[in-house]
>>> print(open('input_16.cif').read())   # mmCIF, C-alpha atoms, pLDDT in the B column; chains and numbers go by the auth columns
data_coords
#
loop_
_atom_site.group_PDB
_atom_site.id
_atom_site.type_symbol
_atom_site.label_atom_id
_atom_site.label_comp_id
_atom_site.label_asym_id
_atom_site.label_seq_id
_atom_site.Cartn_x
_atom_site.Cartn_y
_atom_site.Cartn_z
_atom_site.B_iso_or_equiv
_atom_site.auth_seq_id
_atom_site.auth_asym_id
ATOM 1 C CA MET A 1 25.370 13.681 55.631 83.00 1 H
ATOM 2 C CA THR A 2 22.938 14.703 52.925 94.00 2 H
ATOM 3 C CA SER A 3 22.063 13.453 49.473 93.00 3 H
ATOM 4 C CA ALA A 4 22.443 15.120 46.096 90.00 4 H
ATOM 5 C CA ILE A 5 20.294 14.557 43.040 93.00 5 H
ATOM 6 C CA ARG A 6 22.539 12.791 40.558 94.00 6 H
ATOM 7 C CA HIS A 7 19.969 12.635 37.739 95.00 7 H
ATOM 8 C CA VAL A 8 16.340 13.237 37.083 97.00 8 H
ATOM 9 C CA THR A 9 15.347 9.979 35.379 97.00 9 H
ATOM 10 C CA ILE A 10 12.642 9.991 32.732 96.00 10 H
ATOM 11 C CA ASP A 11 11.048 6.699 31.718 96.00 11 H
ATOM 12 C CA CYS A 12 10.175 6.578 28.033 96.00 12 H
ATOM 13 C CA ALA A 13 9.564 4.338 25.028 97.00 13 H
ATOM 14 C CA ASP A 14 12.700 5.463 23.140 97.00 14 H
ATOM 15 C CA ALA A 15 15.442 6.862 25.359 98.00 15 H
ATOM 16 C CA TYR A 16 17.657 8.162 22.568 98.00 16 H
ATOM 17 C CA ALA A 17 14.862 9.843 20.602 98.00 17 H
ATOM 18 C CA LEU A 18 13.408 11.598 23.634 98.00 18 H
ATOM 19 C CA ALA A 19 16.846 12.614 24.901 98.00 19 H
ATOM 20 C CA ASP A 20 17.618 14.010 21.442 98.00 20 H
ATOM 21 C CA PHE A 21 14.421 16.105 21.539 98.00 21 H
ATOM 22 C CA TRP A 22 15.318 17.524 24.966 98.00 22 H
ATOM 23 C CA SER A 23 18.929 18.056 23.857 98.00 23 H
ATOM 24 C CA GLN A 24 17.619 20.340 21.110 98.00 24 H
ATOM 25 C CA VAL A 25 15.180 22.067 23.479 98.00 25 H
ATOM 26 C CA LEU A 26 17.914 22.847 25.998 98.00 26 H
ATOM 27 C CA GLY A 27 20.768 23.382 23.550 97.00 27 H
ATOM 28 C CA LEU A 28 22.854 20.845 25.463 98.00 28 H
ATOM 29 C CA PRO A 29 24.600 17.807 23.973 98.00 29 H
ATOM 30 C CA LEU A 30 23.788 14.183 24.578 98.00 30 H
ATOM 31 C CA HIS A 31 26.489 12.114 26.231 97.00 31 H
ATOM 32 C CA GLU A 32 29.181 11.376 23.647 97.00 32 H
ATOM 33 C CA GLU A 33 28.614 7.600 23.871 97.00 33 H
ATOM 34 C CA ASP A 34 24.809 7.694 23.338 98.00 34 H
ATOM 35 C CA ARG A 35 23.520 6.221 20.087 97.00 35 H
ATOM 36 C CA PRO A 36 20.091 5.498 18.545 97.00 36 H
ATOM 37 C CA GLY A 37 18.656 2.303 20.011 96.00 37 H
ATOM 38 C CA ASP A 38 20.448 2.660 23.352 97.00 38 H
ATOM 39 C CA GLU A 39 18.351 1.724 26.390 97.00 39 H
ATOM 40 C CA GLU A 40 19.624 4.828 28.202 98.00 40 H
ATOM 41 C CA ALA A 41 20.633 8.292 27.030 98.00 41 H
ATOM 42 C CA GLN A 42 21.886 11.214 29.037 98.00 42 H
ATOM 43 C CA ILE A 43 22.148 14.988 28.931 98.00 43 H
ATOM 44 C CA GLU A 44 24.886 15.344 31.529 97.00 44 H
ATOM 45 C CA ALA A 45 24.866 19.136 31.784 97.00 45 H
ATOM 46 C CA ALA A 46 21.161 19.080 32.733 97.00 46 H
ATOM 47 C CA ARG A 47 21.468 15.913 34.840 97.00 47 H
ATOM 48 C CA LEU A 48 18.722 14.252 32.792 98.00 48 H
ATOM 49 C CA LEU A 49 18.764 10.497 32.249 98.00 49 H
ATOM 50 C CA PHE A 50 16.307 8.902 29.827 98.00 50 H
ATOM 51 C CA VAL A 51 15.583 5.197 30.259 97.00 51 H
ATOM 52 C CA THR A 52 13.609 2.956 27.903 97.00 52 H
ATOM 53 C CA VAL A 53 10.846 1.081 29.734 96.00 53 H
ATOM 54 C CA PRO A 54 8.060 -1.185 28.435 95.00 54 H
ATOM 55 C CA GLU A 55 5.227 0.665 30.205 92.00 55 H
ATOM 56 C CA VAL A 56 3.422 3.519 28.438 88.00 56 H
ATOM 57 C CA LYS A 57 2.586 6.884 29.973 88.00 57 H
ATOM 58 C CA ARG A 58 -0.963 6.723 31.336 88.00 58 H
ATOM 59 C CA SER A 59 -1.735 9.986 33.131 90.00 59 H
ATOM 60 C CA LYS A 60 -0.642 13.538 33.876 87.00 60 H
ATOM 61 C CA ASN A 61 2.933 14.001 35.062 88.00 61 H
ATOM 62 C CA ARG A 62 3.333 14.470 38.803 89.00 62 H
ATOM 63 C CA MET A 63 6.424 16.583 38.109 93.00 63 H
ATOM 64 C CA HIS A 64 7.212 18.694 35.052 95.00 64 H
ATOM 65 C CA PHE A 65 9.695 21.205 33.684 97.00 65 H
ATOM 66 C CA ASP A 66 8.964 24.952 33.559 97.00 66 H
ATOM 67 C CA LEU A 67 11.115 26.425 30.800 97.00 67 H
ATOM 68 C CA GLN A 68 12.150 30.073 30.634 97.00 68 H
ATOM 69 C CA PRO A 69 13.556 31.173 27.262 97.00 69 H
ATOM 70 C CA GLN A 70 16.969 32.816 27.542 96.00 70 H
ATOM 71 C CA ASP A 71 17.410 34.533 24.193 95.00 71 H
ATOM 72 C CA ARG A 72 13.909 34.879 22.772 96.00 72 H
ATOM 73 C CA THR A 73 10.341 35.542 23.861 96.00 73 H
ATOM 74 C CA ARG A 74 7.967 32.950 25.247 97.00 74 H
ATOM 75 C CA ASP A 75 5.976 32.983 22.006 97.00 75 H
ATOM 76 C CA GLU A 76 9.086 32.583 19.837 97.00 76 H
ATOM 77 C CA GLU A 77 10.177 29.661 22.016 97.00 77 H
ATOM 78 C CA VAL A 78 6.760 28.007 21.747 98.00 78 H
ATOM 79 C CA THR A 79 6.986 28.257 17.954 98.00 79 H
ATOM 80 C CA ARG A 80 10.501 26.740 18.001 98.00 80 H
ATOM 81 C CA LEU A 81 9.475 23.874 20.281 98.00 81 H
ATOM 82 C CA LEU A 82 6.419 23.048 18.190 98.00 82 H
ATOM 83 C CA ALA A 83 8.717 22.825 15.142 98.00 83 H
ATOM 84 C CA LEU A 84 10.962 20.391 17.088 98.00 84 H
ATOM 85 C CA GLY A 85 8.023 18.041 17.698 98.00 85 H
ATOM 86 C CA ALA A 86 6.292 19.340 20.826 98.00 86 H
ATOM 87 C CA ALA A 87 2.490 19.526 20.846 98.00 87 H
ATOM 88 C CA LEU A 88 0.229 22.204 22.304 98.00 88 H
ATOM 89 C CA LEU A 89 -1.770 20.953 25.284 98.00 89 H
ATOM 90 C CA ASP A 90 -3.071 24.109 26.998 98.00 90 H
ATOM 91 C CA ASP A 91 -2.612 27.781 26.183 98.00 91 H
ATOM 92 C CA GLN A 92 -2.735 29.934 29.327 97.00 92 H
ATOM 93 C CA ARG A 93 -1.517 33.144 27.655 97.00 93 H
ATOM 94 C CA THR A 94 -3.637 36.194 28.424 94.00 94 H
ATOM 95 C CA GLY A 95 -4.406 39.292 26.380 89.00 95 H
ATOM 96 C CA ASP A 96 -2.050 41.400 28.483 90.00 96 H
ATOM 97 C CA GLY A 97 0.960 39.198 27.589 89.00 97 H
ATOM 98 C CA MET A 98 1.011 37.284 30.863 94.00 98 H
ATOM 99 C CA GLY A 99 0.581 33.522 31.282 96.00 99 H
ATOM 100 C CA TRP A 100 2.285 30.404 30.026 97.00 100 H
ATOM 101 C CA VAL A 101 1.861 27.600 27.509 98.00 101 H
ATOM 102 C CA VAL A 102 1.634 23.896 28.335 98.00 102 H
ATOM 103 C CA LEU A 103 3.231 21.665 25.720 98.00 103 H
ATOM 104 C CA THR A 104 3.977 17.963 25.542 97.00 104 H
ATOM 105 C CA ASP A 105 7.177 16.346 24.333 98.00 105 H
ATOM 106 C CA PRO A 106 6.994 13.644 21.626 97.00 106 H
ATOM 107 C CA GLU A 107 6.078 11.016 24.259 96.00 107 H
ATOM 108 C CA GLY A 108 3.308 13.088 25.847 96.00 108 H
ATOM 109 C CA ASN A 109 5.161 14.422 28.914 96.00 109 H
ATOM 110 C CA GLU A 110 3.836 17.847 29.880 97.00 110 H
ATOM 111 C CA PHE A 111 6.038 20.912 30.323 97.00 111 H
ATOM 112 C CA CYS A 112 5.424 24.655 30.505 98.00 112 H
ATOM 113 C CA VAL A 113 6.964 27.599 28.689 98.00 113 H
ATOM 114 C CA GLU A 114 6.967 30.779 30.738 97.00 114 H
ATOM 115 C CA ARG A 115 7.843 34.342 29.785 97.00 115 H
ATOM 116 C CA SER A 116 11.529 35.189 29.417 95.00 116 H
ATOM 117 C CA ALA A 117 13.327 37.263 32.055 92.00 117 H
ATOM 118 C CA ALA A 118 13.269 40.242 29.646 93.00 118 H
ATOM 119 C CA GLU A 119 9.494 39.910 29.251 94.00 119 H
ATOM 120 C CA ARG A 120 9.064 39.758 33.020 91.00 120 H
ATOM 121 C CA GLU A 121 11.102 42.957 33.471 89.00 121 H
ATOM 122 C CA GLY A 122 9.284 44.873 30.741 73.00 122 H
#
>>> encode(input="input_16.cif", output="structure tokens")
Amino acid sequence: MTSAIRHVTIDCADAYALADFWSQVLGLPLHEEDRPGDEEAQIEAARLLFVTVPEVKRSKNRMHFDLQPQDRTRDEEVTRLLALGAALLDDQRTGDGMGWVVLTDPEGNEFCVERSAAEREG
């Protein structure tokens, strides 16, 4: 017998608000029963579960998401995510178009935006 990952659980101050941010990032809906103020919120298609906890984030994430845009460039995606409420943490883009960008979500969790598949091929 083996195990399967049912969810990746993300502790946060406001489960619904953070789940809503990631729902917009990923273009995937929140669970139909999730409402503002809920202690838990879920993006089923991505297997992400957000849980409200009293503790605040204190240090760098030990695990993070690496996003690869599907229908736009890395730079276009960074612009879109900043407009959704992400913040720039570290810009690792290089003059030759390589590299990535480290952003944080509205609660300070780090994630990276890499080049799209089309950019990698070109």
>>> resolve_selection(input="input_16.cif", expression="the PyMOL selection byres ((chain H and resi 56) around 12)", output="list in words")
Asp11, Cys12, Ala13, Asp14, Thr52, Val53, Pro54, Glu55, Lys57, Arg58, Ser59, Glu107, Gly108 and Asn109 of chain H
>>> resolve_selection(input="input_16.cif", expression="the PyMOL selection byres ((chain H and resi 100) around 8)", output="PDB file with C-alpha atoms, keeping the file's coordinate frame")
ATOM      1  CA  ARG H  74       7.967  32.950  25.247  1.00 97.00           C
ATOM      2  CA  ASP H  91      -2.612  27.781  26.183  1.00 98.00           C
ATOM      3  CA  GLN H  92      -2.735  29.934  29.327  1.00 97.00           C
ATOM      4  CA  ARG H  93      -1.517  33.144  27.655  1.00 97.00           C
ATOM      5  CA  MET H  98       1.011  37.284  30.863  1.00 94.00           C
ATOM      6  CA  GLY H  99       0.581  33.522  31.282  1.00 96.00           C
ATOM      7  CA  VAL H 101       1.861  27.600  27.509  1.00 98.00           C
ATOM      8  CA  VAL H 102       1.634  23.896  28.335  1.00 98.00           C
ATOM      9  CA  CYS H 112       5.424  24.655  30.505  1.00 98.00           C
ATOM     10  CA  VAL H 113       6.964  27.599  28.689  1.00 98.00           C
ATOM     11  CA  GLU H 114       6.967  30.779  30.738  1.00 97.00           C
ATOM     12  CA  ARG H 115       7.843  34.342  29.785  1.00 97.00           C
TER      13      ARG H 115
END
>>> resolve_selection(input="input_16.cif", expression="the PyMOL selection byres ((chain H and resi 17-22) around 10)", output="count of residues only")
38
>>> atom_distance(input="input_16.cif", atom1="atom CA of H:Phe65", atom2="atom CA of H:Thr9")
12.7 Å
>>> atom_distance(input="input_16.cif", atom1="atom CA of H:Arg72", atom2="atom CA of H:Arg120")
12.3 Å
>>> atom_distance(input="input_16.cif", atom1="atom CA of H:Asp66", atom2="atom CA of H:Asp96")
20.4 Å
>>> closest_residue(input="input_16.cif", among="H:Val78, H:Ala45, H:Ile5, H:Met63", to="H:Glu110", atoms="all atoms listed in the file")
H:Met63
>>> closest_residue(input="input_16.cif", among="H:Thr104, H:Gly97, H:Phe111, H:Glu39", to="H:Thr73", atoms="only C-alpha atoms")
H:Gly97
>>> decode(input="input_16.cif", residues="chain H", atoms="C-alpha atoms", output="PDB file, in the first residue's frame")
ATOM      1  CA  MET H   1       0.000   0.000   0.000  1.00  0.00           C
ATOM      2  CA  THR H   2       1.071   3.566  -0.646  1.00  0.00           C
ATOM      3  CA  SER H   3      -0.269   6.985   0.224  1.00  0.00           C
ATOM      4  CA  ALA H   4      -1.565   9.749  -2.012  1.00  0.00           C
ATOM      5  CA  ILE H   5      -1.445  13.462  -1.323  1.00  0.00           C
ATOM      6  CA  ARG H   6      -5.047  14.489  -0.780  1.00  0.00           C
ATOM      7  CA  HIS H   7      -4.331  18.208  -0.301  1.00  0.00           C
ATOM      8  CA  VAL H   8      -1.481  20.580   0.158  1.00  0.00           C
ATOM      9  CA  THR H   9      -2.618  22.517   3.234  1.00  0.00           C
ATOM     10  CA  ILE H  10      -1.654  26.156   3.627  1.00  0.00           C
ATOM     11  CA  ASP H  11      -1.994  27.789   7.036  1.00  0.00           C
ATOM     12  CA  CYS H  12      -3.047  31.422   6.811  1.00  0.00           C
ATOM     13  CA  ALA H  13      -4.742  34.311   8.600  1.00  0.00           C
ATOM     14  CA  ASP H  14      -7.770  34.412   6.259  1.00  0.00           C
ATOM     15  CA  ALA H  15      -8.467  31.143   4.463  1.00  0.00           C
ATOM     16  CA  TYR H  16     -11.108  32.486   2.095  1.00  0.00           C
ATOM     17  CA  ALA H  17      -9.164  35.595   1.066  1.00  0.00           C
ATOM     18  CA  LEU H  18      -5.951  33.700   0.379  1.00  0.00           C
ATOM     19  CA  ALA H  19      -7.792  30.909  -1.433  1.00  0.00           C
ATOM     20  CA  ASP H  20      -9.539  33.548  -3.552  1.00  0.00           C
ATOM     21  CA  PHE H  21      -6.162  35.068  -4.501  1.00  0.00           C
ATOM     22  CA  TRP H  22      -4.791  31.662  -5.541  1.00  0.00           C
ATOM     23  CA  SER H  23      -8.051  30.845  -7.346  1.00  0.00           C
ATOM     24  CA  GLN H  24      -7.464  33.906  -9.531  1.00  0.00           C
ATOM     25  CA  VAL H  25      -3.772  33.072  -9.995  1.00  0.00           C
ATOM     26  CA  LEU H  26      -4.540  29.540 -11.159  1.00  0.00           C
ATOM     27  CA  GLY H  27      -7.808  30.261 -12.954  1.00  0.00           C
ATOM     28  CA  LEU H  28      -9.503  27.538 -10.913  1.00  0.00           C
ATOM     29  CA  PRO H  29     -12.685  27.936  -8.861  1.00  0.00           C
ATOM     30  CA  LEU H  30     -13.022  27.773  -5.116  1.00  0.00           C
ATOM     31  CA  HIS H  31     -15.172  24.977  -3.748  1.00  0.00           C
ATOM     32  CA  GLU H  32     -18.821  25.882  -4.323  1.00  0.00           C
ATOM     33  CA  GLU H  33     -19.588  25.927  -0.577  1.00  0.00           C
ATOM     34  CA  ASP H  34     -16.716  28.274   0.432  1.00  0.00           C
ATOM     35  CA  ARG H  35     -17.706  31.721   1.674  1.00  0.00           C
ATOM     36  CA  PRO H  36     -15.897  34.748   3.163  1.00  0.00           C
ATOM     37  CA  GLY H  37     -15.176  34.150   6.843  1.00  0.00           C
ATOM     38  CA  ASP H  38     -14.946  30.364   6.504  1.00  0.00           C
ATOM     39  CA  GLU H  39     -12.158  28.751   8.535  1.00  0.00           C
ATOM     40  CA  GLU H  40     -11.251  26.581   5.535  1.00  0.00           C
ATOM     41  CA  ALA H  41     -11.396  27.138   1.785  1.00  0.00           C
ATOM     42  CA  GLN H  42     -10.446  24.806  -1.008  1.00  0.00           C
ATOM     43  CA  ILE H  43      -9.377  24.810  -4.639  1.00  0.00           C
ATOM     44  CA  GLU H  44     -10.262  21.202  -5.394  1.00  0.00           C
ATOM     45  CA  ALA H  45      -8.790  21.031  -8.894  1.00  0.00           C
ATOM     46  CA  ALA H  46      -5.362  22.039  -7.531  1.00  0.00           C
ATOM     47  CA  ARG H  47      -5.744  20.022  -4.314  1.00  0.00           C
ATOM     48  CA  LEU H  48      -5.057  23.142  -2.244  1.00  0.00           C
ATOM     49  CA  LEU H  49      -6.668  23.552   1.167  1.00  0.00           C
ATOM     50  CA  PHE H  50      -6.366  26.855   3.023  1.00  0.00           C
ATOM     51  CA  VAL H  51      -6.883  26.797   6.788  1.00  0.00           C
ATOM     52  CA  THR H  52      -7.171  29.796   9.110  1.00  0.00           C
ATOM     53  CA  VAL H  53      -4.736  29.551  12.027  1.00  0.00           C
ATOM     54  CA  PRO H  54      -3.880  32.034  14.801  1.00  0.00           C
ATOM     55  CA  GLU H  55      -0.104  31.918  14.245  1.00  0.00           C
ATOM     56  CA  VAL H  56       1.542  34.378  11.844  1.00  0.00           C
ATOM     57  CA  LYS H  57       4.123  33.494   9.209  1.00  0.00           C
ATOM     58  CA  ARG H  58       7.581  34.064  10.691  1.00  0.00           C
ATOM     59  CA  SER H  59      10.195  32.922   8.175  1.00  0.00           C
ATOM     60  CA  LYS H  60      10.907  31.772   4.634  1.00  0.00           C
ATOM     61  CA  ASN H  61       8.723  28.978   3.284  1.00  0.00           C
ATOM     62  CA  ARG H  62      10.309  25.534   3.340  1.00  0.00           C
ATOM     63  CA  MET H  63       8.222  24.631   0.285  1.00  0.00           C
ATOM     64  CA  HIS H  64       6.901  26.921  -2.442  1.00  0.00           C
ATOM     65  CA  PHE H  65       5.134  26.909  -5.792  1.00  0.00           C
ATOM     66  CA  ASP H  66       6.990  27.420  -9.091  1.00  0.00           C
ATOM     67  CA  LEU H  67       4.477  28.770 -11.596  1.00  0.00           C
ATOM     68  CA  GLN H  68       4.846  28.442 -15.359  1.00  0.00           C
ATOM     69  CA  PRO H  69       2.520  30.689 -17.384  1.00  0.00           C
ATOM     70  CA  GLN H  70       0.461  28.775 -19.938  1.00  0.00           C
ATOM     71  CA  ASP H  71      -0.853  31.486 -22.236  1.00  0.00           C
ATOM     72  CA  ARG H  72       1.447  34.456 -21.705  1.00  0.00           C
ATOM     73  CA  THR H  73       5.082  35.283 -21.034  1.00  0.00           C
ATOM     74  CA  ARG H  74       6.741  35.224 -17.640  1.00  0.00           C
ATOM     75  CA  ASP H  75       6.856  39.026 -17.587  1.00  0.00           C
ATOM     76  CA  GLU H  76       3.181  39.368 -18.540  1.00  0.00           C
ATOM     77  CA  GLU H  77       2.282  36.902 -15.785  1.00  0.00           C
ATOM     78  CA  VAL H  78       4.346  38.808 -13.218  1.00  0.00           C
ATOM     79  CA  THR H  79       2.482  41.995 -14.149  1.00  0.00           C
ATOM     80  CA  ARG H  80      -0.883  40.199 -13.817  1.00  0.00           C
ATOM     81  CA  LEU H  81       0.003  38.694 -10.439  1.00  0.00           C
ATOM     82  CA  LEU H  82       1.216  42.014  -9.060  1.00  0.00           C
ATOM     83  CA  ALA H  83      -2.149  43.523 -10.072  1.00  0.00           C
ATOM     84  CA  LEU H  84      -3.920  40.694  -8.171  1.00  0.00           C
ATOM     85  CA  GLY H  85      -2.080  41.593  -4.955  1.00  0.00           C
ATOM     86  CA  ALA H  86       1.241  39.745  -5.115  1.00  0.00           C
ATOM     87  CA  ALA H  87       4.400  41.611  -4.102  1.00  0.00           C
ATOM     88  CA  LEU H  88       7.859  41.492  -5.662  1.00  0.00           C
ATOM     89  CA  LEU H  89      10.430  39.878  -3.375  1.00  0.00           C
ATOM     90  CA  ASP H  90      13.397  39.067  -5.640  1.00  0.00           C
ATOM     91  CA  ASP H  91      13.938  39.588  -9.354  1.00  0.00           C
ATOM     92  CA  GLN H  92      16.263  36.940 -10.810  1.00  0.00           C
ATOM     93  CA  ARG H  93      15.627  37.826 -14.469  1.00  0.00           C
ATOM     94  CA  THR H  94      18.781  38.240 -16.535  1.00  0.00           C
ATOM     95  CA  GLY H  95      19.544  40.430 -19.534  1.00  0.00           C
ATOM     96  CA  ASP H  96      19.356  37.461 -21.892  1.00  0.00           C
ATOM     97  CA  GLY H  97      15.721  36.724 -20.916  1.00  0.00           C
ATOM     98  CA  MET H  98      16.532  33.834 -18.599  1.00  0.00           C
ATOM     99  CA  GLY H  99      15.750  33.641 -14.876  1.00  0.00           C
ATOM    100  CA  TRP H 100      12.683  33.855 -12.696  1.00  0.00           C
ATOM    101  CA  VAL H 101      10.865  36.221 -10.358  1.00  0.00           C
ATOM    102  CA  VAL H 102      10.128  35.574  -6.685  1.00  0.00           C
ATOM    103  CA  LEU H 103       6.827  37.033  -5.527  1.00  0.00           C
ATOM    104  CA  THR H 104       4.833  36.777  -2.324  1.00  0.00           C
ATOM    105  CA  ASP H 105       1.103  36.228  -2.008  1.00  0.00           C
ATOM    106  CA  PRO H 106      -0.963  38.640   0.129  1.00  0.00           C
ATOM    107  CA  GLU H 107       0.081  36.777   3.309  1.00  0.00           C
ATOM    108  CA  GLY H 108       3.800  36.790   2.496  1.00  0.00           C
ATOM    109  CA  ASN H 109       4.197  33.223   1.178  1.00  0.00           C
ATOM    110  CA  GLU H 110       6.929  33.077  -1.454  1.00  0.00           C
ATOM    111  CA  PHE H 111       6.430  31.635  -4.934  1.00  0.00           C
ATOM    112  CA  CYS H 112       8.333  31.822  -8.216  1.00  0.00           C
ATOM    113  CA  VAL H 113       7.274  32.671 -11.751  1.00  0.00           C
ATOM    114  CA  GLU H 114       9.348  30.924 -14.388  1.00  0.00           C
ATOM    115  CA  ARG H 115       9.449  31.358 -18.153  1.00  0.00           C
ATOM    116  CA  SER H 116       6.586  29.862 -20.154  1.00  0.00           C
ATOM    117  CA  ALA H 117       7.088  26.703 -22.218  1.00  0.00           C
ATOM    118  CA  ALA H 118       7.062  28.858 -25.386  1.00  0.00           C
ATOM    119  CA  GLU H 119       9.823  31.066 -23.965  1.00  0.00           C
ATOM    120  CA  ARG H 120      11.877  28.001 -23.065  1.00  0.00           C
ATOM    121  CA  GLU H 121      11.561  26.636 -26.619  1.00  0.00           C
ATOM    122  CA  GLY H 122      12.438  29.929 -28.298  1.00  0.00           C
TER     123      GLY H 122
END
